[in-house]
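Trainee: coords-v2.csv (CSV, C-alpha atoms) pasted underneath:
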```csv
chain,number,residue,atom,x,y,z
A,1,MET,CA,21.6,43.2,45.1
A,2,GLY,CA,18.4,45.3,45.4
A,3,SER,CA,18.6,46.1,41.7
A,4,LEU,CA,18.7,42.4,40.8
A,5,ALA,CA,15.7,41.7,43.0
A,6,ASN,CA,13.8,44.6,41.4
A,7,TYR,CA,14.8,43.5,37.9
A,8,LEU,CA,13.7,40.0,38.6
A,9,MET,CA,10.3,41.1,40.1
A,10,GLU,CA,9.8,43.3,37.1
A,11,GLU,CA,10.5,40.5,34.7
A,12,LEU,CA,8.3,38.1,36.7
A,13,SER,CA,5.3,40.3,37.0
A,14,LEU,CA,2.4,39.6,34.7
A,15,LYS,CA,1.9,42.5,32.4
A,16,THR,CA,-1.3,43.5,30.9
A,17,SER,CA,-0.8,44.3,27.3
A,18,PHE,CA,-3.8,46.5,26.7
A,19,VAL,CA,-7.4,46.9,27.9
A,20,ILE,CA,-10.3,46.5,25.6
A,21,PRO,CA,-12.4,49.5,26.2
A,22,ILE,CA,-15.8,47.8,26.6
A,23,GLY,CA,-17.8,48.4,29.8
A,24,PRO,CA,-15.4,48.7,32.7
A,25,GLY,CA,-12.5,47.6,30.4
A,26,ILE,CA,-11.4,44.0,29.7
A,27,PRO,CA,-7.7,43.6,30.4
A,28,VAL,CA,-5.8,41.5,27.9
A,29,PRO,CA,-2.8,39.8,29.6
A,30,GLN,CA,0.6,39.5,27.9
A,31,SER,CA,0.2,35.8,27.8
A,32,ALA,CA,-2.9,36.0,25.6
A,33,VAL,CA,-1.1,38.3,23.1
A,34,THR,CA,1.9,35.9,23.0
A,35,THR,CA,-0.6,33.1,22.5
A,36,TRP,CA,-2.2,34.9,19.6
A,37,VAL,CA,1.2,35.4,18.0
A,38,ILE,CA,2.0,31.7,18.5
A,39,MET,CA,-1.3,30.8,17.0
A,40,ALA,CA,-0.8,33.1,14.0
A,41,ILE,CA,2.7,31.7,13.3
A,42,VAL,CA,1.6,28.1,13.6
A,43,VAL,CA,-1.5,28.6,11.5
A,44,VAL,CA,0.4,30.4,8.8
A,45,LEU,CA,3.0,27.6,8.8
A,46,CYS,CA,0.2,25.1,8.5
A,47,ILE,CA,-1.3,27.0,5.6
A,48,ILE,CA,2.0,27.2,3.9
A,49,PHE,CA,3.0,23.5,4.3
A,50,VAL,CA,-0.4,21.8,4.2
A,51,ARG,CA,-1.1,23.0,0.7
A,52,ASN,CA,-1.5,20.7,-2.3
A,53,LEU,CA,-1.3,17.6,-0.3
A,54,LYS,CA,-0.5,14.7,-2.6
A,55,VAL,CA,-1.3,11.0,-2.1
A,56,VAL,CA,2.4,10.4,-2.9
A,57,PRO,CA,4.1,12.7,-0.4
A,58,GLU,CA,7.0,14.9,-1.5
A,59,GLY,CA,9.0,17.7,0.0
A,60,PRO,CA,7.8,19.3,3.3
A,61,GLN,CA,4.6,17.1,3.2
A,62,VAL,CA,6.8,14.2,4.4
A,63,TYR,CA,7.7,16.2,7.6
A,64,VAL,CA,4.2,17.5,8.2
A,65,GLU,CA,2.9,14.0,7.9
A,66,ALA,CA,5.6,12.6,10.2
A,67,LEU,CA,4.6,15.2,12.8
A,68,VAL,CA,0.9,14.5,12.5
A,69,GLY,CA,1.7,10.8,12.4
A,70,PHE,CA,3.7,11.1,15.6
A,71,ILE,CA,0.9,12.9,17.4
A,72,TYR,CA,-1.7,10.4,16.2
A,73,GLY,CA,0.5,7.5,17.2
A,74,PHE,CA,1.6,8.9,20.6
A,75,ILE,CA,-1.9,10.0,21.7
A,76,GLY,CA,-3.7,7.2,19.9
A,77,ASP,CA,-1.7,4.6,21.7
A,78,LEU,CA,-2.5,6.1,25.0
A,79,LEU,CA,-6.2,6.7,24.4
A,80,GLY,CA,-7.0,3.5,22.5
A,81,GLU,CA,-9.6,3.0,19.8
A,82,LYS,CA,-12.5,4.7,21.8
A,83,GLY,CA,-10.5,7.9,22.3
A,84,LYS,CA,-9.6,8.5,18.7
A,85,ARG,CA,-11.9,11.5,18.4
A,86,TYR,CA,-9.9,13.4,21.0
A,87,ILE,CA,-6.6,13.1,19.2
A,88,PRO,CA,-6.8,16.4,17.3
A,89,PHE,CA,-7.7,18.4,20.4
A,90,LEU,CA,-4.9,16.9,22.5
A,91,GLY,CA,-2.6,17.3,19.5
A,92,THR,CA,-3.5,21.0,19.5
A,93,ILE,CA,-2.6,21.3,23.2
A,94,LEU,CA,0.7,19.5,22.6
A,95,ILE,CA,1.6,21.8,19.7
A,96,TYR,CA,0.6,24.9,21.7
A,97,LEU,CA,2.5,23.9,24.8
A,98,ALA,CA,5.6,22.9,22.8
A,99,VAL,CA,5.7,26.1,20.8
A,100,SER,CA,4.9,28.3,23.8
A,101,ASN,CA,7.5,26.6,26.0
A,102,ILE,CA,10.1,27.0,23.2
A,103,SER,CA,9.1,30.7,22.7
A,104,GLY,CA,11.4,31.6,25.7
A,105,PHE,CA,14.3,30.7,23.5
A,106,PHE,CA,13.4,33.6,21.3
A,107,ARG,CA,13.3,36.0,24.2
A,108,ALA,CA,9.5,36.0,24.3
A,109,THR,CA,7.8,35.5,27.7
A,110,PRO,CA,6.4,32.0,27.5
A,111,PRO,CA,2.6,32.1,28.1
A,112,THR,CA,2.9,29.1,30.3
A,113,LYS,CA,4.7,31.3,32.8
A,114,ASP,CA,1.3,32.8,33.5
A,115,LEU,CA,-0.5,30.7,36.1
A,116,ASN,CA,-3.8,31.6,34.5
A,117,VAL,CA,-2.7,29.8,31.3
A,118,THR,CA,-1.6,26.6,33.0
A,119,ALA,CA,-4.7,26.7,35.2
A,120,GLY,CA,-6.9,27.2,32.1
A,121,LEU,CA,-5.2,24.2,30.4
A,122,ALA,CA,-5.7,22.1,33.5
A,123,LEU,CA,-9.4,23.1,33.5
A,124,ILE,CA,-9.6,22.0,29.9
A,125,SER,CA,-7.9,18.8,30.7
A,126,LEU,CA,-10.3,18.2,33.7
A,127,PHE,CA,-13.2,18.9,31.4
A,128,LEU,CA,-11.9,16.4,28.8
A,129,ILE,CA,-11.4,13.7,31.5
A,130,ILE,CA,-15.0,14.1,32.7
A,131,TYR,CA,-16.5,14.6,29.3
A,132,SER,CA,-14.8,11.6,27.7
A,133,GLY,CA,-16.0,9.4,30.7
A,134,ILE,CA,-19.6,10.6,30.4
A,135,HIS,CA,-19.5,10.3,26.6
A,136,GLU,CA,-18.3,6.7,26.8
A,137,LYS,CA,-20.3,5.4,29.7
A,138,GLY,CA,-23.2,7.7,30.1
A,139,LEU,CA,-23.7,10.0,33.1
A,140,LYS,CA,-24.9,7.1,35.3
A,141,GLY,CA,-22.0,4.8,34.3
A,142,TYR,CA,-19.5,7.6,34.8
A,143,LEU,CA,-20.8,8.5,38.3
A,144,HIS,CA,-20.8,4.8,39.1
A,145,SER,CA,-17.1,4.6,38.2
A,146,TYR,CA,-16.4,6.7,41.3
A,147,VAL,CA,-17.5,3.9,43.6
A,148,GLU,CA,-15.3,1.4,41.9
A,149,PRO,CA,-13.6,-0.9,42.8
A,150,MET,CA,-15.3,-0.3,46.2
A,151,PRO,CA,-17.4,2.5,47.7
A,152,MET,CA,-14.7,3.4,50.1
A,153,MET,CA,-12.6,4.6,47.2
A,154,ALA,CA,-15.1,7.3,46.3
A,155,ALA,CA,-13.4,9.9,48.6
A,156,ILE,CA,-10.1,9.3,46.9
A,157,ASN,CA,-11.6,9.3,43.4
A,158,ILE,CA,-13.3,12.6,44.1
A,159,LEU,CA,-10.1,14.0,45.6
A,160,GLU,CA,-8.3,13.0,42.4
A,161,LEU,CA,-10.7,15.2,40.5
A,162,PHE,CA,-8.9,18.2,42.2
A,163,THR,CA,-5.4,16.9,42.6
A,164,ARG,CA,-5.0,15.9,39.0
A,165,PRO,CA,-5.6,19.2,37.4
A,166,LEU,CA,-3.8,20.9,40.3
A,167,SER,CA,-0.7,18.8,39.7
A,168,LEU,CA,-0.9,19.2,35.9
A,169,CYS,CA,-1.2,23.0,36.3
A,170,MET,CA,1.5,23.4,38.9
A,171,ARG,CA,4.0,21.0,37.4
A,172,LEU,CA,3.9,22.9,34.1
A,173,PHE,CA,3.8,26.3,35.7
A,174,GLY,CA,6.6,25.5,38.2
A,175,ASN,CA,8.9,24.1,35.5
A,176,ILE,CA,8.5,27.0,33.1
A,177,LEU,CA,8.7,29.6,35.8
A,178,GLY,CA,11.8,28.0,37.4
A,179,GLY,CA,13.4,27.8,34.0
A,180,PHE,CA,12.5,31.4,33.3
A,181,VAL,CA,13.9,32.7,36.6
A,182,LEU,CA,17.1,30.8,36.1
A,183,MET,CA,17.4,32.0,32.6
A,184,GLU,CA,16.9,35.6,33.7
A,185,LEU,CA,19.6,35.2,36.4
A,186,ILE,CA,22.0,33.7,33.9
A,187,THR,CA,21.3,36.4,31.4
A,188,TYR,CA,21.8,39.0,34.1
A,189,ALA,CA,25.1,37.6,35.2
A,190,ALA,CA,26.5,36.8,31.7
A,191,PRO,CA,24.4,38.1,28.9
A,192,LEU,CA,26.8,36.8,26.1
A,193,ILE,CA,26.8,33.2,24.7
A,194,VAL,CA,26.7,31.6,28.2
A,195,PRO,CA,22.8,31.6,28.3
A,196,LEU,CA,22.7,29.7,25.0
A,197,PRO,CA,23.4,26.1,26.2
A,198,PHE,CA,21.2,26.8,29.3
A,199,SER,CA,18.5,28.1,27.1
A,200,CYS,CA,18.7,25.0,25.0
A,201,TYR,CA,18.2,22.9,28.1
A,202,PHE,CA,15.5,24.9,29.8
A,203,ASP,CA,13.5,26.0,26.8
A,204,PHE,CA,13.9,23.2,24.4
A,205,PHE,CA,14.5,20.1,26.5
A,206,ASP,CA,12.5,20.9,29.6
A,207,GLY,CA,9.9,22.8,27.6
A,208,LEU,CA,9.2,20.0,25.2
A,209,LEU,CA,9.4,17.5,28.0
A,210,GLN,CA,6.7,19.4,30.0
A,211,ALA,CA,4.5,19.7,26.9
A,212,TYR,CA,4.9,15.9,26.4
A,213,VAL,CA,4.2,15.1,30.1
A,214,PHE,CA,1.1,17.3,30.2
A,215,VAL,CA,-0.5,15.6,27.2
A,216,LEU,CA,0.7,12.2,28.3
A,217,LEU,CA,-0.9,12.5,31.7
A,218,THR,CA,-4.1,14.0,30.3
A,219,SER,CA,-4.3,11.1,27.8
A,220,LEU,CA,-3.7,8.6,30.6
A,221,PHE,CA,-6.4,10.1,32.8
A,222,MET,CA,-8.8,10.2,29.9
A,223,ASN,CA,-8.0,6.6,29.0
A,224,GLU,CA,-8.7,5.7,32.6
A,225,SER,CA,-12.1,7.3,32.5
A,226,ILE,CA,-13.0,5.8,29.1
A,227,GLU,CA,-12.0,2.3,29.9
B,1,MET,CA,2.7,39.4,41.5
B,2,PHE,CA,3.5,36.3,39.4
B,3,LEU,CA,1.1,34.0,41.2
B,4,LYS,CA,-2.2,35.4,40.1
B,5,LEU,CA,-5.2,33.4,39.4
B,6,ASP,CA,-8.2,35.5,38.3
B,7,TRP,CA,-10.7,35.8,35.4
B,8,GLY,CA,-7.8,35.9,33.0
B,9,ILE,CA,-8.2,32.1,33.1
B,10,ILE,CA,-10.8,32.6,30.4
B,11,TRP,CA,-8.2,33.7,27.8
B,12,PRO,CA,-6.3,30.5,27.4
B,13,ILE,CA,-9.5,28.4,27.3
B,14,VAL,CA,-10.9,30.5,24.6
B,15,ASN,CA,-7.6,30.7,22.8
B,16,ILE,CA,-7.1,26.9,22.9
B,17,ILE,CA,-10.6,26.3,21.5
B,18,ILE,CA,-10.0,28.7,18.6
B,19,PHE,CA,-6.5,27.2,18.0
B,20,TYR,CA,-8.1,23.8,18.0
B,21,LEU,CA,-10.7,24.9,15.4
B,22,LEU,CA,-8.0,26.5,13.3
B,23,LEU,CA,-5.6,23.5,13.4
B,24,ARG,CA,-8.4,21.1,12.7
B,25,LYS,CA,-9.2,23.1,9.6
B,26,PHE,CA,-5.6,23.7,8.4
B,27,LEU,CA,-3.6,20.8,9.8
B,28,PHE,CA,-5.3,17.7,11.3
B,29,GLY,CA,-8.3,17.7,8.9
B,30,PRO,CA,-6.4,17.8,5.6
B,31,VAL,CA,-3.4,15.7,6.7
B,32,SER,CA,-5.5,12.9,8.2
B,33,LYS,CA,-7.8,13.0,5.2
B,34,ILE,CA,-4.8,12.5,2.8
B,35,MET,CA,-3.4,9.8,5.1
B,36,GLU,CA,-6.8,8.0,5.1
B,37,LYS,CA,-7.0,8.4,1.3
B,38,ARG,CA,-3.5,6.9,1.0
B,39,LYS,CA,-4.4,4.0,3.3
B,40,GLU,CA,-7.5,3.3,1.2
B,41,MET,CA,-5.6,3.6,-2.0
B,42,ILE,CA,-3.0,1.1,-0.8
B,43,SER,CA,-5.5,-1.4,0.5
B,44,SER,CA,-7.5,-1.1,-2.8
B,45,ASP,CA,-4.3,-1.5,-4.8
B,46,LEU,CA,-3.4,-4.6,-2.8
B,47,LYS,CA,-6.8,-6.0,-3.3
B,48,GLU,CA,-6.6,-5.2,-7.0
B,49,ALA,CA,-3.2,-6.9,-7.2
B,50,ALA,CA,-4.5,-10.0,-5.5
B,51,LYS,CA,-7.5,-10.1,-7.8
B,52,THR,CA,-5.2,-9.7,-10.9
B,53,LYS,CA,-3.0,-12.4,-9.5
B,54,THR,CA,-5.8,-15.0,-9.2
B,55,GLU,CA,-7.0,-14.0,-12.6
B,56,ALA,CA,-3.6,-14.5,-14.1
B,57,GLU,CA,-3.3,-17.8,-12.3
B,58,GLY,CA,-6.6,-18.9,-13.8
B,59,ILE,CA,-5.5,-17.8,-17.3
B,60,LYS,CA,-2.3,-19.6,-16.9
B,61,LYS,CA,-4.1,-22.8,-15.9
B,62,GLU,CA,-6.4,-22.5,-18.8
B,63,TYR,CA,-3.5,-21.9,-21.1
B,64,GLU,CA,-1.6,-24.9,-19.8
B,65,GLN,CA,-4.7,-27.0,-20.3
B,66,SER,CA,-5.2,-25.9,-23.8
B,67,LEU,CA,-1.5,-26.3,-24.5
B,68,ALA,CA,-1.7,-29.9,-23.3
B,69,GLN,CA,-4.8,-30.5,-25.3
B,70,ALA,CA,-3.2,-29.1,-28.4
B,71,LYS,CA,-0.2,-31.3,-27.8
B,72,ASP,CA,-2.4,-34.3,-27.5
B,73,GLU,CA,-4.3,-33.3,-30.7
B,74,ALA,CA,-1.1,-32.8,-32.6
B,75,GLY,CA,0.1,-36.3,-31.5
B,76,GLN,CA,-3.2,-37.7,-32.5
B,77,ILE,CA,-3.0,-36.0,-35.9
B,78,ILE,CA,0.6,-37.2,-36.5
B,79,SER,CA,-0.2,-40.8,-35.6
B,80,ASP,CA,-3.3,-40.7,-37.7
B,81,ALA,CA,-1.4,-39.3,-40.6
B,82,ARG,CA,1.3,-41.9,-40.1
B,83,ALA,CA,-1.2,-44.8,-40.1
B,84,ARG,CA,-3.0,-43.4,-43.1
B,85,ALA,CA,0.3,-43.0,-44.9
B,86,LYS,CA,1.2,-46.5,-44.0
B,87,THR,CA,-2.0,-48.0,-45.3
B,88,GLU,CA,-1.9,-45.9,-48.4
B,89,TYR,CA,1.7,-47.0,-49.0
B,90,GLN,CA,0.7,-50.6,-48.5
B,91,ASP,CA,-2.3,-50.1,-50.9
B,92,LYS,CA,-0.1,-48.5,-53.5
B,93,MET,CA,2.6,-51.2,-53.1
B,94,ASP,CA,0.0,-53.9,-53.4
B,95,LYS,CA,-1.5,-52.3,-56.5
B,96,ALA,CA,1.8,-51.8,-58.1
B,97,LYS,CA,2.7,-55.4,-57.4
B,98,ALA,CA,-0.5,-56.6,-58.9
B,99,ASP,CA,0.0,-54.3,-61.9
B,100,VAL,CA,3.5,-55.6,-62.3
B,101,ALA,CA,2.3,-59.2,-62.1
B,102,LEU,CA,-0.5,-58.5,-64.5
B,103,MET,CA,1.9,-56.8,-66.9
B,104,LYS,CA,4.3,-59.7,-66.6
B,105,GLU,CA,1.5,-62.2,-67.3
B,106,ASN,CA,0.3,-60.1,-70.3
B,107,ALA,CA,3.9,-59.9,-71.6
B,108,GLN,CA,4.3,-63.6,-71.2
B,109,LYS,CA,1.0,-64.2,-73.0
B,110,ASP,CA,2.1,-61.8,-75.7
B,111,ILE,CA,5.5,-63.5,-76.0
B,112,GLU,CA,3.8,-66.9,-76.1
B,113,ALA,CA,1.3,-65.8,-78.7
B,114,GLU,CA,4.1,-64.2,-80.7
B,115,LYS,CA,6.1,-67.3,-80.3
B,116,GLN,CA,3.1,-69.5,-81.5
B,117,LYS,CA,2.5,-67.1,-84.3
B,118,THR,CA,6.1,-67.1,-85.4
B,119,ILE,CA,6.2,-70.9,-85.1
B,120,ALA,CA,3.1,-71.2,-87.2
B,121,GLY,CA,4.5,-68.7,-89.7
B,122,LEU,CA,7.8,-70.6,-89.8
B,123,GLN,CA,5.9,-73.9,-90.2
B,124,THR,CA,3.9,-72.6,-93.2
B,125,GLU,CA,7.0,-71.1,-94.6
B,126,ILE,CA,9.0,-74.3,-94.1
B,127,ALA,CA,6.0,-76.2,-95.6
B,128,GLY,CA,6.0,-73.9,-98.5
B,129,ILE,CA,9.7,-74.2,-99.0
B,130,ALA,CA,9.4,-77.9,-98.6
B,131,LEU,CA,6.5,-78.0,-101.0
B,132,MET,CA,8.5,-75.9,-103.4
B,133,ALA,CA,11.5,-78.2,-103.0
B,134,ALA,CA,9.2,-81.1,-103.3
B,135,SER,CA,7.5,-79.7,-106.4
B,136,LYS,CA,10.9,-79.1,-107.9
B,137,VAL,CA,11.8,-82.7,-107.2
B,138,VAL,CA,8.4,-83.8,-108.4
B,139,GLU,CA,8.7,-81.8,-111.6
B,140,LYS,CA,11.8,-83.7,-112.4
B,141,GLU,CA,11.0,-87.2,-111.4
B,142,THR,CA,7.3,-87.5,-110.8
B,143,ASP,CA,7.0,-90.9,-111.8
B,144,ASN,CA,9.8,-92.0,-109.6
B,145,LYS,CA,8.1,-94.1,-107.0
B,146,GLY,CA,10.9,-93.7,-104.6
B,147,ASN,CA,10.8,-90.0,-104.7
B,148,GLU,CA,7.1,-89.9,-104.1
B,149,LYS,CA,7.5,-92.0,-101.0
B,150,LEU,CA,10.3,-89.8,-99.8
B,151,LEU,CA,8.1,-86.8,-100.1
B,152,ASP,CA,5.4,-88.3,-98.2
B,153,ASP,CA,7.7,-89.3,-95.4
B,154,PHE,CA,9.2,-85.8,-95.3
B,155,LEU,CA,5.8,-84.3,-95.1
B,156,LYS,CA,4.8,-86.7,-92.4
B,157,GLU,CA,7.9,-86.0,-90.5
B,158,ALA,CA,7.3,-82.3,-90.8
B,159,GLY,CA,3.9,-82.9,-89.4
B,160,VAL,CA,2.0,-81.0,-92.1
```
Take the structure from the file and write it as structure tokens.
Mentor:
Amino acid sequence: MGSLANYLMEELSLKTSFVIPIGPGIPVPQSAVTTWVIMAIVVVLCIIFVRNLKVVPEGPQVYVEALVGFIYGFIGDLLGEKGKRYIPFLGTILIYLAVSNISGFFRATPPTKDLNVTAGLALISLFLIIYSGIHEKGLKGYLHSYVEPMPMMAAINILELFTRPLSLCMRLFGNILGGFVLMELITYAAPLIVPLPFSCYFDFFDGLLQAYVFVLLTSLFMNESIE
Amino acid sequence: MFLKLDWGIIWPIVNIIIFYLLLRKFLFGPVSKIMEKRKEMISSDLKEAAKTKTEAEGIKKEYEQSLAQAKDEAGQIISDARARAKTEYQDKMDKAKADVALMKENAQKDIEAEKQKTIAGLQTEIAGIALMAASKVVEKETDNKGNEKLLDDFLKEAGV
């Protein structure tokens, strides 16, 4: 039993891939390296498939356009006309989360298992919520939105500023970590074939769902601060 | 430990921003550009089609109008021609009738003149013959009073 606990703790611990030898040394976590690999793969795929775009689509262009069209439709519907400029950024987060959550299926450690990553994403999302509000209403108008519909609500509105990113961060982190732990246990108990259906569920279904939920909620919050 | 929140939070933020810039350049930019282009093309094509349609309708109207006009003109020409032909026919007929009448009159005149001429000829001939006969009679019996009287009577009767 002790060996299983040790194995699990070993797998769960956040590794530092290498240290950039500048000054006291900048540690580069494993999640960042995985992220770079994901970025490289996605960008290379984009360069391969988003070449020679034609007005009359043919071949893989149809699928690429369907994907981009889905992202534009999904986020655009949530954000409305005013939030159109944020679609590519939220689409990037969606693609990044989807790919990194799925990466567990290929025996990579998903970057979203690192609390720093989900917290960073939650910070970005908080920044987007505040920025879109200020951009749309001006600083004064945005600050005024905290005392609406009545000044008493200000405390709750300010509290939301912390609870929203916290819930975004923890929901994503908890789901991916839980899936990861379960998958490690299953793989430990029965390393052959058995993990496959579970991996399909935890990595594909849950992973894509969490990516969707993260972007959905961020868009909803942004829409709220824009309107 | 797996619950570690530290300065490593910088990494995902920086990575996402770089990823965003890359995707904007390689995925969202070109794809949305081409989609926008297609949208524009479709709307301009539709506009063009609507324009062409109205143009075609105008041309059709014009064509129908000119066709109706041509039909009217053709009818006019035909009726004109018919009327002209009728009057011409009438004229010709009248002229022919007049000619025929004239010719008939002339012929009758000719016949009459010929007749008169013949009658006159015959009369002179008959008178000659009668004279000859009379002279023959006279040669034989000139002194015969009765014969002389007979001759006179004959000549009177003949109307010479």
Trainee: Grab the atom CA of A:Leu12 to atom CA of A:Gly178 distance for me, in Å with one decimal place.
Mentor: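 Atom CA of A:Gly178 lies 10.7 Å from atom CA of A:Leu12.
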Trainee: What are the residues of chain A lining chain B at 7 Å or less? Count all atoms listed in the file, and put the answer as JSON, numbers by chain.
Mentor: {"A": [12, 13, 14, 32, 39, 43, 46, 47, 50, 53, 55, 65, 88, 89, 92, 115, 116, 117, 119, 120, 121, 124]}
Trainee: Can you work out the spacing between atom CA of A:Gly207 and atom CA of A:Lys84 in Å, to one decimal?
Mentor: 25.8 Å
Trainee: Give as number ranges by chain the set of residues within 12 Å of the point (19.3, 35.8, 38.5), where distances use the file's coordinates and only C-alpha atoms.
Mentor: A: 1-9, 11-12, 178-191, 195
Trainee: Just to confirm, what's the straight-line distance from atom CA of A:Leu94 to atom CA of A:Tyr212 in Å (one decimal)?
Mentor: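 Between atom CA of A:Leu94 and atom CA of A:Tyr212 the gap works out to 6.7 Å.
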Trainee: When you look at A:Leu126 with a cut-off of 7 Å (counting all atoms listed in the file), what residues show up, excluding the ones that are within fewer than 4 positions of it in the same chain? I need them as a ChimeraX atom specification.
Mentor: /A:122,130,165
